[in-house]
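> Take a look at this one; I'll ask things after.
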Amino acid sequence: RSTDGVLDVRLEAARGTHEIAGRRATTLGYNGGVPGPTLRVRAGDTVRVELVNSTDETTNLHVHGLHVSPEGTADNVFLAVEPGGSQQYEYTLPADHPAGTYWYHPHHHGTVADQLFGGLYGAIVVEEDDALPVTRERTLVIADITLDGAGAVAAPSAPERMMGREGELLLVNGQRRPRLRAAAGERERWRIVNACASRYLDLSLAGQSVRVIGRDGPRSTGMPSLDDAVLAPGNRLDLVVDMREGAGELVAAPVDRGGPMGRMMGGGTGAGGDDPVVVADLAVAAGPGADLGPVPPAAAPRDLRGAPVDGRRTLRFAMSMGGMMGGDGGRFTIDGRTFDPERVDRQVRLGTVEEWTIVNDSPMNHPFHLHVWPMQVLSTGGVEPPAPLWLDVVDVPAGQSVTVRVPFEDFGGRTVYHCHILDHEDLGMMGVVTAR
Ligand code: C2O
Ligand code: CU
Ligand code: CU
C-alpha cells in the first residue's frame, strides 16, 4: 500500500511449499505466497519494486495493463533478472491513470507460461478517489495448475503447449474451491483476475444479484451482464454482488476456444474439459437484508469511434501445426514471423490514434494483448459492442477479425503485443512495437 504517493515493495520470487487442494505442493511464488501480495496504488503514485530472483531460472516482472513507461527500469519486459540477481523497477502512474484491477507476472520470453503456471502472479489495484461504498472488497485471482504425483507443478506435453495448457485444478487466491462467507444485505465488490496461462473463464454466480461494473479498466457505464462476459487469459472483471441468503457457487463453464482441428464437438477444449467447474462456494447467512439501493453511476468511457485516425494497420495471427502430434512442430506467428526482440514490427508515432485490425487465420482463438496503451474495441467478427469497450486483452475468435483503436499517448518507447495464451507467446506469437 502506498503512502505519500510512493509504493516501495520487495518481491522475492522463490520456490516454496504450500498446501493446495489438501496436498503438499512445491510451486513458485512471490514472498512465499501464491498469488503474491496485492499491490494497491493510486493515479499519480510512484511505484518502486525490487524484484529479487531466488529461483534457479531467469525471470523479470511485467505490470499487466498499467499505463506506464515501457523503458529503462520501468515496465521493461526486455530486462532479464538472472538467478540470484535482483532488479529495481521504478515508474510513475500518470495523474489521470484509470482506476481498476491490473496484475503482475513474469515476462521473460520462453518461460512466461511455465513461471505463471508455476505460481508467479499477483494483483494490482489502482484505487479510486471516491471508493464505491461496499461492505467488503475481495480480490479473486483465478489461476489453474496441475500437480504431479510428487506435488511439483507438472510440465505440459508438446500438444498441451500447442493448445495452451490448462491446469487440472482451478485456484482462487491459491486455494481450490474456497468458501466465501457473507450475510444477506451486504454489498461486495469482487475484482476477478484471470491469471490462467491459457484457460478462458465463463463465470456465473446463480442466485445472487450480480452486476458487472468494470472490465480491464475503470468502473464505467455500458457493461454487459456476467453471462455475456467471457474472460480471456489476462482479462479482469469488476463486480458488485448484493448478497442474498443461501448457498451459491461461482462456476466456470467450459469455453470452446477451438483447436488445431477446429472447434470441438460439444464444448470445451484442453484439459479444462467439458464440464463446468465450481471455482468457489458462497455461503450467505441471514442478515438484515437491507435495500442496498442503486450502485452510484460511473463516468461514461472515452469514445474514439468518431475520432480521426492517423494510421490503419492489419496484424495477422497464424499457426501451422506441423508436428503437433509428434513433438515440437508447429509455428505460431504474427504476420508470418515469430518473435525477435531485435526486430521492430510496428512503428507508430507518439501522440497519434491508430486503428488496428487483428485477423485470426487459424482454427483457434487467440487473445490479443498490447502493452502500455489500452485498446477500444470497435468490432469483433463485424459486430460492434453496444457501448464503448476498453480492454487490454481482446479475444480474436478463430477465423475472425477484431478491429481496435489505440491512442498512443503519454509514453514512447519499445514494448510488445502478443497472444495471451502464454504458451503461444513463448512459442513466438509476439511482436515488437515502438512509439516515438
Ligand atoms: Cu499479461 Cu505481455 O502480458
Ligand atoms: Cu501485459
Ligand atoms: Cu494464441
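Residue numbers start at 1 in each chain; chains themselves are named A, B, ... in the order of the C-alpha cells; ligands are numbered from 1 in the order shown.
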Report as a list in words all protein, DNA and RNA residues lying within 10 Å of Pro37 of chain A, evaluated on only C-alpha atoms, omitting residues in the same chain fewer than 2 positions from it.

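That gives Val9, Leu11, Gly29, Tyr30, Asn31, Gly32, Gly33, Val34, Pro35, Leu39, Arg40, Tyr121, Gly122, Ala123 and Ile124 of chain A.
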
> List the neighbours of Pro388 of chain A out to 9 Å using only C-alpha atoms; skip same-chain residues closer than 2 positions along the sequence, and give me the result as a PyMOL selection string.

chain A and resi 221-222+300-305+376-378+385-386+390

> For Arg181 of chain A, which of A:Val284, A:Leu7, A:Val210, A:Val52 is the closest residue, counting only C-alpha atoms?

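Using only C-alpha atoms, the shortest distance to Arg181 of chain A belongs to A:Val284.
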
> Counting only C-alpha atoms and all ligand atoms, which residue out of A:Val394, A:Val134, A:Ile358, A:Val63 sits closest to ligand 1?

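Smallest separation from ligand 1 among the options: A:Val63.
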
> Show me which residues line ligand 2, defined as having an atom within 12 Å of a ligand atom where only C-alpha atoms and all ligand atoms count, and present them as a VMD selection string.

chain A and resid 61 to 68 70 75 to 77 102 to 108 112 121 195 216 233 to 235 367 to 374 391 to 394 415 to 422 425 430

> Would you mind exporting the chosen residues as a short mmCIF file (atom, residue, chain, number, x, y, z; two decimals), in the first residue's frame, restricted to N, CA and C atoms?


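Writing the result to selection-v9.cif gives the following:
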data_model
loop_
_atom_site.label_atom_id
_atom_site.label_comp_id
_atom_site.auth_asym_id
_atom_site.auth_seq_id
_atom_site.Cartn_x
_atom_site.Cartn_y
_atom_site.Cartn_z
N LEU A 61 9.72 -8.88 -14.40
CA LEU A 61 8.39 -8.53 -13.87
C LEU A 61 7.69 -7.57 -14.81
N HIS A 62 6.47 -7.92 -15.15
CA HIS A 62 5.64 -7.06 -16.01
C HIS A 62 4.40 -6.66 -15.24
N VAL A 63 3.99 -5.40 -15.37
CA VAL A 63 2.74 -4.96 -14.75
C VAL A 63 1.68 -4.87 -15.85
N HIS A 64 0.85 -5.89 -15.88
CA HIS A 64 -0.11 -6.07 -16.97
C HIS A 64 -1.24 -5.04 -16.89
N GLY A 65 -1.35 -4.26 -17.95
CA GLY A 65 -2.46 -3.29 -18.06
C GLY A 65 -2.14 -1.90 -17.55
N LEU A 66 -1.08 -1.75 -16.78
CA LEU A 66 -0.77 -0.40 -16.29
C LEU A 66 -0.28 0.46 -17.45
N HIS A 67 -0.72 1.71 -17.43
CA HIS A 67 -0.31 2.68 -18.45
C HIS A 67 0.90 3.43 -17.88
N VAL A 68 2.07 2.79 -18.04
CA VAL A 68 3.32 3.36 -17.52
C VAL A 68 4.40 3.17 -18.59
N PRO A 70 7.38 1.97 -20.82
CA PRO A 70 7.97 0.64 -21.07
C PRO A 70 9.49 0.68 -21.12
N ASP A 75 8.42 -0.50 -16.83
CA ASP A 75 7.84 -1.79 -17.18
C ASP A 75 8.52 -2.35 -18.42
N ASN A 76 9.78 -2.64 -18.29
CA ASN A 76 10.60 -3.05 -19.43
C ASN A 76 10.69 -4.57 -19.48
N VAL A 77 9.95 -5.16 -20.43
CA VAL A 77 9.88 -6.62 -20.48
C VAL A 77 11.12 -7.24 -21.12
N TYR A 102 -5.58 -4.57 -12.11
CA TYR A 102 -4.49 -4.92 -13.02
C TYR A 102 -3.74 -6.08 -12.37
N TRP A 103 -2.62 -6.49 -12.95
CA TRP A 103 -1.90 -7.59 -12.30
C TRP A 103 -0.46 -7.63 -12.75
N TYR A 104 0.32 -8.45 -12.09
CA TYR A 104 1.73 -8.57 -12.45
C TYR A 104 2.11 -10.04 -12.64
N HIS A 105 3.09 -10.25 -13.50
CA HIS A 105 3.58 -11.61 -13.75
C HIS A 105 4.90 -11.50 -14.49
N PRO A 106 5.67 -12.58 -14.55
CA PRO A 106 6.94 -12.55 -15.27
C PRO A 106 6.72 -12.42 -16.77
N HIS A 107 7.73 -11.94 -17.47
CA HIS A 107 7.61 -11.76 -18.92
C HIS A 107 8.91 -12.10 -19.63
N HIS A 108 9.65 -13.05 -19.10
CA HIS A 108 10.88 -13.45 -19.76
C HIS A 108 10.53 -14.42 -20.88
N VAL A 112 7.42 -17.69 -19.88
CA VAL A 112 6.33 -16.94 -19.24
C VAL A 112 5.23 -17.90 -18.76
N TYR A 121 2.38 -14.81 -9.93
CA TYR A 121 1.41 -13.81 -10.36
C TYR A 121 0.81 -13.12 -9.14
N ALA A 195 -5.82 -15.15 -14.23
CA ALA A 195 -4.37 -15.34 -14.28
C ALA A 195 -4.01 -16.72 -14.81
N ASP A 216 -11.38 -4.51 -17.96
CA ASP A 216 -9.94 -4.36 -17.71
C ASP A 216 -9.58 -3.00 -17.12
N PRO A 233 -7.56 -15.22 -21.11
CA PRO A 233 -6.42 -15.14 -20.19
C PRO A 233 -5.91 -13.69 -20.12
N GLY A 234 -5.76 -13.19 -18.92
CA GLY A 234 -5.28 -11.81 -18.73
C GLY A 234 -6.36 -10.80 -18.45
N ASN A 235 -7.61 -11.10 -18.83
CA ASN A 235 -8.71 -10.14 -18.60
C ASN A 235 -9.10 -10.07 -17.13
N PRO A 367 -6.16 -14.57 -27.85
CA PRO A 367 -6.42 -13.30 -27.18
C PRO A 367 -5.27 -12.32 -27.41
N PHE A 368 -5.57 -11.20 -28.05
CA PHE A 368 -4.54 -10.22 -28.42
C PHE A 368 -4.33 -9.23 -27.28
N HIS A 369 -3.08 -9.09 -26.88
CA HIS A 369 -2.74 -8.18 -25.77
C HIS A 369 -1.69 -7.18 -26.23
N LEU A 370 -1.93 -5.91 -25.95
CA LEU A 370 -0.97 -4.86 -26.23
C LEU A 370 -0.55 -4.24 -24.91
N HIS A 371 0.74 -4.08 -24.73
CA HIS A 371 1.24 -3.45 -23.50
C HIS A 371 1.06 -1.93 -23.56
N VAL A 372 1.08 -1.31 -22.42
CA VAL A 372 1.12 0.15 -22.20
C VAL A 372 -0.17 0.88 -22.58
N TRP A 373 -0.66 0.70 -23.83
CA TRP A 373 -1.78 1.51 -24.28
C TRP A 373 -3.05 0.67 -24.38
N PRO A 374 -4.11 1.07 -23.69
CA PRO A 374 -5.37 0.31 -23.79
C PRO A 374 -6.01 0.46 -25.18
N LEU A 391 -10.36 -2.59 -23.48
CA LEU A 391 -9.75 -3.80 -22.94
C LEU A 391 -8.24 -3.72 -23.17
N ASP A 392 -7.48 -4.49 -22.40
CA ASP A 392 -6.08 -4.64 -22.79
C ASP A 392 -5.78 -6.03 -23.33
N VAL A 393 -6.75 -6.95 -23.19
CA VAL A 393 -6.68 -8.23 -23.89
C VAL A 393 -8.01 -8.39 -24.61
N VAL A 394 -7.96 -8.55 -25.92
CA VAL A 394 -9.20 -8.73 -26.67
C VAL A 394 -9.13 -10.05 -27.42
N THR A 415 7.97 -1.78 -26.78
CA THR A 415 7.33 -2.84 -25.99
C THR A 415 6.74 -3.88 -26.93
N VAL A 416 5.81 -4.69 -26.43
CA VAL A 416 5.35 -5.83 -27.23
C VAL A 416 3.83 -5.93 -27.25
N TYR A 417 3.35 -6.68 -28.23
CA TYR A 417 1.98 -7.17 -28.27
C TYR A 417 2.10 -8.67 -28.51
N HIS A 418 1.13 -9.42 -28.04
CA HIS A 418 1.25 -10.87 -28.17
C HIS A 418 -0.07 -11.57 -27.90
N CYS A 419 -0.07 -12.85 -28.21
CA CYS A 419 -1.19 -13.70 -27.81
C CYS A 419 -1.05 -13.97 -26.31
N HIS A 420 -2.16 -13.80 -25.55
CA HIS A 420 -2.06 -14.02 -24.11
C HIS A 420 -2.36 -15.46 -23.71
N ILE A 421 -2.48 -16.37 -24.68
CA ILE A 421 -2.29 -17.79 -24.36
C ILE A 421 -0.78 -17.89 -24.25
N LEU A 422 -0.29 -17.99 -23.03
CA LEU A 422 1.13 -17.70 -22.81
C LEU A 422 2.04 -18.75 -23.42
N GLU A 425 2.60 -17.31 -26.77
CA GLU A 425 3.57 -16.21 -26.67
C GLU A 425 4.98 -16.78 -26.57
N MET A 430 4.43 -13.14 -30.81
CA MET A 430 4.64 -11.84 -30.16
C MET A 430 5.38 -10.94 -31.13
#

> With a distance cut-off of 8 Å and only C-alpha atoms, select the neighbouring residues of Met163 of chain A, excluding the residue or stretch itself and same-chain residues fewer than 3 positions from it, and output the selection as a CSV table (one decimal) with C-alpha atoms, in the first residue's frame.


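And here is the file that came out, part06.csv:
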chain,number,residue,atom,x,y,z
A,159,PRO,CA,0.5,-30.9,-27.6
A,160,GLU,CA,-0.6,-29.1,-24.4
A,259,GLY,CA,-8.1,-26.4,-31.5
A,260,PRO,CA,-5.7,-27.5,-34.2
A,270,GLY,CA,-7.9,-28.8,-23.5
A,423,ASP,CA,2.3,-20.9,-24.4

> For Leu132 of chain A, please output as a list in words all residues within 9 Å (counting only C-alpha atoms; exclusion window: fewer than 5 positions along the same chain).

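Here the qualifying residues turn out to be Arg189, Val295 and Pro296 of chain A.
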
> Write out as a list in words the set of residues from segment 105-138 of chain A that DSSP, computed on the backbone, places in alpha helix (DSSP H).

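Result set for segment 105-138 of chain A (alpha helix (DSSP H)): Val112, Ala113, Asp114, Gln115, Leu116 and Phe117 of chain A.
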
> As a ChimeraX atom specification, please: the residues near Asp361 of chain A (cut-off 8 Å, only C-alpha atoms, same-chain neighbours under 3 positions excluded).

/A:316-319,398-400

> Keeping only N, CA and C atoms, take the residues you just selected and write them out as a PDB file, in the first residue's frame.


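After the write, result.pdb holds the following:
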ATOM      1  N   ARG A 316      -1.777 -10.191 -38.394  1.00  0.00           N
ATOM      2  CA  ARG A 316      -2.332 -11.486 -38.732  1.00  0.00           C
ATOM      3  C   ARG A 316      -1.775 -12.577 -37.814  1.00  0.00           C
ATOM      4  N   PHE A 317      -2.657 -13.204 -37.088  1.00  0.00           N
ATOM      5  CA  PHE A 317      -2.264 -14.374 -36.292  1.00  0.00           C
ATOM      6  C   PHE A 317      -2.366 -15.610 -37.173  1.00  0.00           C
ATOM      7  N   ALA A 318      -1.349 -16.431 -37.161  1.00  0.00           N
ATOM      8  CA  ALA A 318      -1.463 -17.698 -37.888  1.00  0.00           C
ATOM      9  C   ALA A 318      -0.702 -18.778 -37.144  1.00  0.00           C
ATOM     10  N   MET A 319      -1.080 -20.010 -37.392  1.00  0.00           N
ATOM     11  CA  MET A 319      -0.329 -21.116 -36.815  1.00  0.00           C
ATOM     12  C   MET A 319      -0.351 -22.274 -37.785  1.00  0.00           C
ATOM     13  N   ALA A 398     -11.396 -17.714 -33.596  1.00  0.00           N
ATOM     14  CA  ALA A 398     -10.868 -18.476 -34.732  1.00  0.00           C
ATOM     15  C   ALA A 398     -11.527 -18.032 -36.028  1.00  0.00           C
ATOM     16  N   GLY A 399     -10.710 -17.730 -37.020  1.00  0.00           N
ATOM     17  CA  GLY A 399     -11.229 -17.405 -38.342  1.00  0.00           C
ATOM     18  C   GLY A 399     -11.882 -16.035 -38.449  1.00  0.00           C
ATOM     19  N   GLN A 400     -11.811 -15.238 -37.397  1.00  0.00           N
ATOM     20  CA  GLN A 400     -12.474 -13.927 -37.434  1.00  0.00           C
ATOM     21  C   GLN A 400     -11.450 -12.803 -37.272  1.00  0.00           C
TER      22      GLN A 400
END

> Identify all residues of segment 238-316 of chain A in strand (DSSP E) (DSSP on the backbone) and supply them as a ChimeraX atom specification.

/A:238-242,246-253,277-285,311-316

> Tell me, in Å to one decimal, how far atom CA of Gly118 of chain A is from atom CA of Pro156 of chain A.

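Straight-line distance from atom CA of Gly118 of chain A to atom CA of Pro156 of chain A works out to 11.4 Å.
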